[in-house]
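K.L.:
One structure follows; several queries about it will come next.
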Amino acid sequence: MTLKEPRPYVNPYVGGALLGVVLFLSFYITGNGLGASGAIGHVQVAILGLFAPDHVDRVAYFAEMGGGTRNSLDNAGVFMLLGTFLGGAISGVINRRFRVETRRGPGVSVGARWAFAVLGGAIMGYGARLARGCTSGQALSGGAVLSVGSFAFMFAVFAGGYAVAYFVRRLWN
Amino acid sequence: MAPFQLAPLAGTLGYDLVFLVIGLGFGAALEISGFGDSRKLAAQFYLREMTVLKVMFTAIVVAAVLIFLSSSLGLLDFSRVWVNPTYLAPGIIGGLIMGVGFIIGGFCPGTSLVAASTLKLDGVFFVVGVFFGVYAFGETVSSFEPFFLSTFMGRFTVPEWLGLPYGVVVVLLVLMALAMFWGAEIAEAYFGAHRAWKDIPLVPHSRVRMAAAGVLVALAALTALVGQPTVDDRWGWIASDGDPQVADREVFVDPAEVVDLKKDLSLRVTVLDVRGEADFNRFHLAGARRIDPNDARDPAFVRTLLGADDNTIVFVMSNGEAASTQAWKDLRAQGVLNLYVIAGGINGWLERYPPSPCVAQKMTGDPGPDSLAWRFVVAVGDRTPSAHPDLPRKEPQPTCTLAANEPAAAETQDHGAPGHGDATAPAYVKKVKLQKKTVAKGGCG
């Protein structure tokens with residue numbers, strides 16, 4: 001781990017354009033967009049299957065992914081998830097941002113930040129499955145192919161965030 | 001033509017590696033844009049830093065321009081590209097919930113992965129939370145399944161909704177994004193840098209940005225000018241495959257095979273009858289759906305076929321084979337899979353499964369091309385055994401006195417009830433091979 005200053009992030013328009021090219025290549029090569037939350041569901045079912053395989057078989061939503069002899073991890077999305085993780089790590093190492101830390105607002109303790117991260121993650125995970133996709137799978141991928149539902153979803157995410165932002169401003173300001 | 005037919009490779013290492021490499025690019029692009037930093041993401045909702053909006057919309061418009069420009073130029077078959085199906089109500093409610101989770105947790109699932117991968121502990125905890133949320137959803141979804149499945153609109157795009165060409169919508173999208181970027185720059189200067197109103201330049205001044213914006217608008221305009229490929233263009237792409245299939249009669253299925261497939265409960269057999277209403281009312285196959293030949297070029301109709309389950313087999317039929325073959329070409333060009341023509345059409349069908357002479361008799365003269373060769377005494381629709389050789393159903397049939405020169409009533413009322421061994425079933429060469437759709441479920445679905 002290096003103690004040098006992390007390199008600055010790229011211009012958001014440049015980053016966005018790169019992301020757009022990756023998204024286009026994903027559609028061009030595979031016919032599918034990008035995503036993360038679906039694969040997280042698959043990994044979650046695989047973990048659940050380690051502890052309670054019978055339960056996976058009984059709950060229809062889990063069984064669809066990992067019931068019976070099905071291997072929940074045998075899914076292309078899981079490999080994309082792995083790639084996303086590795087890609088982030090590699091970029092983090094190269095740009096000297098690969099270090100243990102907790103990014104938080106100035107007025108929040110580390111413990112509180114972790115607790116809110118878990119809470120927000122749980123809310124996010126629940127909503128992502130309800131909306132059939134996360135910000136990347138629905139908003140980004142669906143938006144690029146002009147899906148009506150994806151645009152409605154995108155505006156709903158921003159609306160939800162802005163509606164609550166004022167009440168949780170102490171977390172970030 | 002792209003997208004490549006990867007589905008047959010599913011399960012192999014190469015297939016998985018493709019997704020892994022795309023994931024690498026995805027993760028790296030998110031990381032260098034600063035999406036691993038929860039403060040940067042949350043700042044979006046206090047208008048201090050509009051990175052989320054800028055990155056997301058730049059990515060969307062760049063990808064959209066590239067996708068639809070390649071489609072215009074015949075490089076990419078958009079009908080085989082996965083478009084997230086619209087479930088409007090659960091999508092909006094899920095989106096609102098996610099917005100709340102976003103501002104509380106500081107990430108969305110993809111960005112939290114990137115944060116966790118660079119050892120940001122808040123990202124790690126967020127991922128743990130996502131696992132729990134996904135698990136909780138799986139446990140509870142059965143209690144509100146009707147809502148989860150409600151307001152389904154299938155593959156529904158903004159151009160279809162607005163009734164505008166794809167290229168025009170791409171131009172509008174680019175212009176909308178540029179307007180949002182302009183607003184975002186002003187918001188950042190005001191809320192982020194706390195500059196006074198009078199010091200904020202309202203006219204964009206960066207030449208590089210103006211040039212980039214100009215390139216995007218120009219490419220979008222080119223997409224609109226070239227237009228999306230027509231059905232005939234699309235047939236042109238696949239004619240080298242399609243024409244031999246027609247010439248070798250690979251796609252013409254014997255009526256007896258259709259009957260057998262209809263008996264197979266694991267399949268959904270759809271019969272599209274492209275004849276006029278009068279002929280259709282005289283006689284059609286049980287369960288057949290009449291469509292106008294132009295419907296085969298109607299995107300809304302084709303979408304219903306594209307959205308059908310994997311075990312759906314679609315047959316088109318006309319009186320002969322001319323109209324049905326044209327409809328087959330049109331639908332095939334638009335990517336409908338498991339699509340066949342019923343060999344011989346209605347005329348051939350009635351030869352194979354002749355109606356009672358009191359219902360219809362074969363004409364002696366030439367009926368003309370693709371015309372009904374049988375004279376129906378009454379319009380029976382599908383209420384005659386010839387219409388459903390696969391079903392044991394019996395309807396009262398008209399009786400009559402036959403003229404002396406008519407052949408005796410062919411006792412064809414029973415073509416073998418389902419479930420009984422039918423020794424007299426005509427032999428045929430099997431043509432139907434169930435193909436799996438190559439457009440798999442979206443990565444995030």
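Residue names in the structure tokens use chain letters A, B, ... in the order shown, residue numbers from 1 in each chain, and ligand numbers from 1 in the order shown.
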Which neighbours of B:Phe132 fall inside 9 Å, counting only C-alpha atoms, when residues of the same chain fewer than 4 positions from it are skipped, and could you give them as a list in words?

P.N.:
Gln44, Val118, Gly121, Ala122, Ile123, Gly125 and Tyr126 of chain A; Val127, Val128, Ala136 and Phe137 of chain B

K.L.:
Please list as a PyMOL selection string every residue within 6 Å of stretch 10-27 of chain A, counting only C-alpha atoms and excluding residues in the same chain fewer than 6 positions away.

P.N.:
(chain A and resi 33) or (chain B and resi 29+32-33+51+55+58-59+62-63)

K.L.:
Any idea what the distance is between atom CA of B:Val100 and atom CA of B:Gly133?

P.N.:
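These atoms are spaced 13.3 Å apart.
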
K.L.:
So how far away is atom CA of B:Ile313 from atom CA of B:Asp254, in Å?

P.N.:
14.1 Å

K.L.:
Under the rule that only C-alpha atoms are counted, which of B:His194, B:His388, B:Lys329, B:Arg155 is the nearest residue to A:Gly142?

P.N.:
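Residue with the minimum atom-to-atom distance to A:Gly142: B:Arg155.
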
K.L.:
Got a sec: who's within 12 Å of B:Pro201, counting only C-alpha atoms, leaving out chain neighbours fewer than 4 positions off, as an MDAnalysis selection string?

P.N.:
chainID B and resid 182:183 185:190 195:197 205:206

K.L.:
Just the residues within 10 Å of stretch 22-27 of chain B, please, counting only C-alpha atoms, with nothing from its chain fewer than 5 positions along; format it as a PyMOL selection string.

P.N.:
(chain A and resi 18-23+25-26+29-30+33-36+77-92+136) or (chain B and resi 17+32+35-36+110-111+113-115+117)

K.L.:
Write to file, as a PDB file, in the first residue's frame, the residues of the selection just made, with C-alpha atoms.

P.N.:
ATOM      1  CA  LEU A  18     -15.760   5.459 -21.232  1.00  0.00           C
ATOM      2  CA  LEU A  19     -18.609   3.868 -19.336  1.00  0.00           C
ATOM      3  CA  GLY A  20     -20.828   4.460 -22.365  1.00  0.00           C
ATOM      4  CA  VAL A  21     -18.334   2.711 -24.638  1.00  0.00           C
ATOM      5  CA  VAL A  22     -18.136  -0.267 -22.242  1.00  0.00           C
ATOM      6  CA  LEU A  23     -21.942  -0.352 -22.149  1.00  0.00           C
ATOM      7  CA  LEU A  25     -19.548  -3.039 -26.266  1.00  0.00           C
ATOM      8  CA  SER A  26     -21.524  -5.116 -23.791  1.00  0.00           C
ATOM      9  CA  ILE A  29     -20.988  -8.382 -28.098  1.00  0.00           C
ATOM     10  CA  THR A  30     -23.496 -10.074 -25.821  1.00  0.00           C
ATOM     11  CA  GLY A  33     -26.301  -4.519 -20.824  1.00  0.00           C
ATOM     12  CA  LEU A  34     -24.360  -4.130 -17.604  1.00  0.00           C
ATOM     13  CA  GLY A  35     -25.575  -4.966 -14.160  1.00  0.00           C
ATOM     14  CA  ALA A  36     -24.789  -5.964 -10.639  1.00  0.00           C
ATOM     15  CA  GLY A  77     -23.921 -12.098 -14.455  1.00  0.00           C
ATOM     16  CA  VAL A  78     -21.906 -13.553 -11.591  1.00  0.00           C
ATOM     17  CA  PHE A  79     -18.824 -13.406 -13.792  1.00  0.00           C
ATOM     18  CA  MET A  80     -19.609  -9.836 -14.705  1.00  0.00           C
ATOM     19  CA  LEU A  81     -19.893  -9.141 -10.984  1.00  0.00           C
ATOM     20  CA  LEU A  82     -16.501 -10.702 -10.409  1.00  0.00           C
ATOM     21  CA  GLY A  83     -15.094  -8.644 -13.273  1.00  0.00           C
ATOM     22  CA  THR A  84     -16.593  -5.457 -11.861  1.00  0.00           C
ATOM     23  CA  PHE A  85     -14.962  -6.172  -8.534  1.00  0.00           C
ATOM     24  CA  LEU A  86     -11.589  -6.897 -10.110  1.00  0.00           C
ATOM     25  CA  GLY A  87     -11.835  -3.937 -12.472  1.00  0.00           C
ATOM     26  CA  GLY A  88     -12.524  -1.614  -9.560  1.00  0.00           C
ATOM     27  CA  ALA A  89      -9.639  -3.068  -7.575  1.00  0.00           C
ATOM     28  CA  ILE A  90      -7.172  -2.818 -10.456  1.00  0.00           C
ATOM     29  CA  SER A  91      -8.144   0.754 -11.170  1.00  0.00           C
ATOM     30  CA  GLY A  92      -7.926   1.506  -7.449  1.00  0.00           C
ATOM     31  CA  SER A 136     -26.653   0.097 -13.705  1.00  0.00           C
TER      32      SER A 136
ATOM     33  CA  LEU B  17     -14.745 -14.839 -19.608  1.00  0.00           C
ATOM     34  CA  ILE B  32     -12.007   6.240 -12.316  1.00  0.00           C
ATOM     35  CA  PHE B  35     -18.127   6.167  -8.075  1.00  0.00           C
ATOM     36  CA  GLY B  36     -16.255   4.349  -5.346  1.00  0.00           C
ATOM     37  CA  GLY B 110     -22.715  -1.523  -8.642  1.00  0.00           C
ATOM     38  CA  THR B 111     -20.828   1.372  -7.119  1.00  0.00           C
ATOM     39  CA  LEU B 113     -18.901  -3.220  -5.260  1.00  0.00           C
ATOM     40  CA  VAL B 114     -16.289  -0.897  -6.672  1.00  0.00           C
ATOM     41  CA  ALA B 115     -15.948   0.852  -3.316  1.00  0.00           C
ATOM     42  CA  SER B 117     -13.014  -3.629  -4.098  1.00  0.00           C
TER      43      SER B 117
END

K.L.:
Rounded to one decimal, what separation in Å do you get between atom CA of B:Trp82 and atom CA of A:Val148?

P.N.:
13.5 Å

K.L.:
Compile the contact shell of stretch 87-92 of chain B as a ChimeraX atom specification: residues with an atom at most 12 Å away, counting only C-alpha atoms, same-chain residues fewer than 3 positions apart removed.

P.N.:
/A:126-135,138-139,142,147-160 /B:84,95-99,141,144-156

K.L.:
Which polymer residues have any atom within 8 Å of an atom of stretch 109-115 of chain A, counting only C-alpha atoms, with same-chain residues fewer than 5 positions away left out, as a list in words?

P.N.:
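Here the qualifying residues turn out to be Thr102, Arg104 and Leu171 of chain A; Leu121, Asp122, Phe125 and Phe126 of chain B.
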
K.L.:
Can I get the selected residues back with C-alpha atoms, as an mmCIF file, in the first residue's frame?

P.N.:
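That gives us again.cif:
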data_model
loop_
_atom_site.group_PDB
_atom_site.id
_atom_site.type_symbol
_atom_site.label_atom_id
_atom_site.label_comp_id
_atom_site.auth_asym_id
_atom_site.auth_seq_id
_atom_site.Cartn_x
_atom_site.Cartn_y
_atom_site.Cartn_z
ATOM 1 C CA THR A 102 -14.279 4.773 5.453
ATOM 2 C CA ARG A 104 -18.138 9.570 5.357
ATOM 3 C CA LEU A 171 -25.025 12.248 7.227
ATOM 4 C CA LEU B 121 -15.243 -0.164 4.467
ATOM 5 C CA ASP B 122 -18.465 1.771 4.004
ATOM 6 C CA PHE B 125 -20.910 -2.725 4.793
ATOM 7 C CA PHE B 126 -23.204 -1.496 2.054
#

K.L.:
Point out the residue among B:Ser386, B:Ser318, B:Ser142, B:Ser38 with the least atom-to-atom distance to A:Phe116, counting only C-alpha atoms.

P.N.:
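Distance minimum relative to A:Phe116 lands on B:Ser38.
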
K.L.:
Would you list, as a PyMOL selection string, the residues of stretch 88-253 of chain B that end up in strand (DSSP E or B) under DSSP run on this structure's backbone?

P.N.:
chain B and resi 120+152-154+157+252-253

K.L.:
Restrict the selected residues to C-alpha atoms and save them as a PDB file, in the first residue's frame.

P.N.:
ATOM      1  CA  LYS B 120     -13.609   1.272   1.347  1.00  0.00           C
ATOM      2  CA  PHE B 152     -46.340  -5.231 -17.555  1.00  0.00           C
ATOM      3  CA  MET B 153     -45.737  -3.597 -20.928  1.00  0.00           C
ATOM      4  CA  GLY B 154     -43.055  -5.890 -22.300  1.00  0.00           C
ATOM      5  CA  THR B 157     -39.224   1.782 -25.920  1.00  0.00           C
ATOM      6  CA  PHE B 252     -42.590 -25.812 -44.625  1.00  0.00           C
ATOM      7  CA  VAL B 253     -44.105 -28.109 -42.052  1.00  0.00           C
TER       8      VAL B 253
END

K.L.:
Running DSSP on the backbone, which parts of stretch 12-104 of chain A land in alpha helix (DSSP H), as a VMD selection string?

P.N.:
chain A and resid 12 to 30 37 to 51 53 to 58 60 to 66 76 to 94
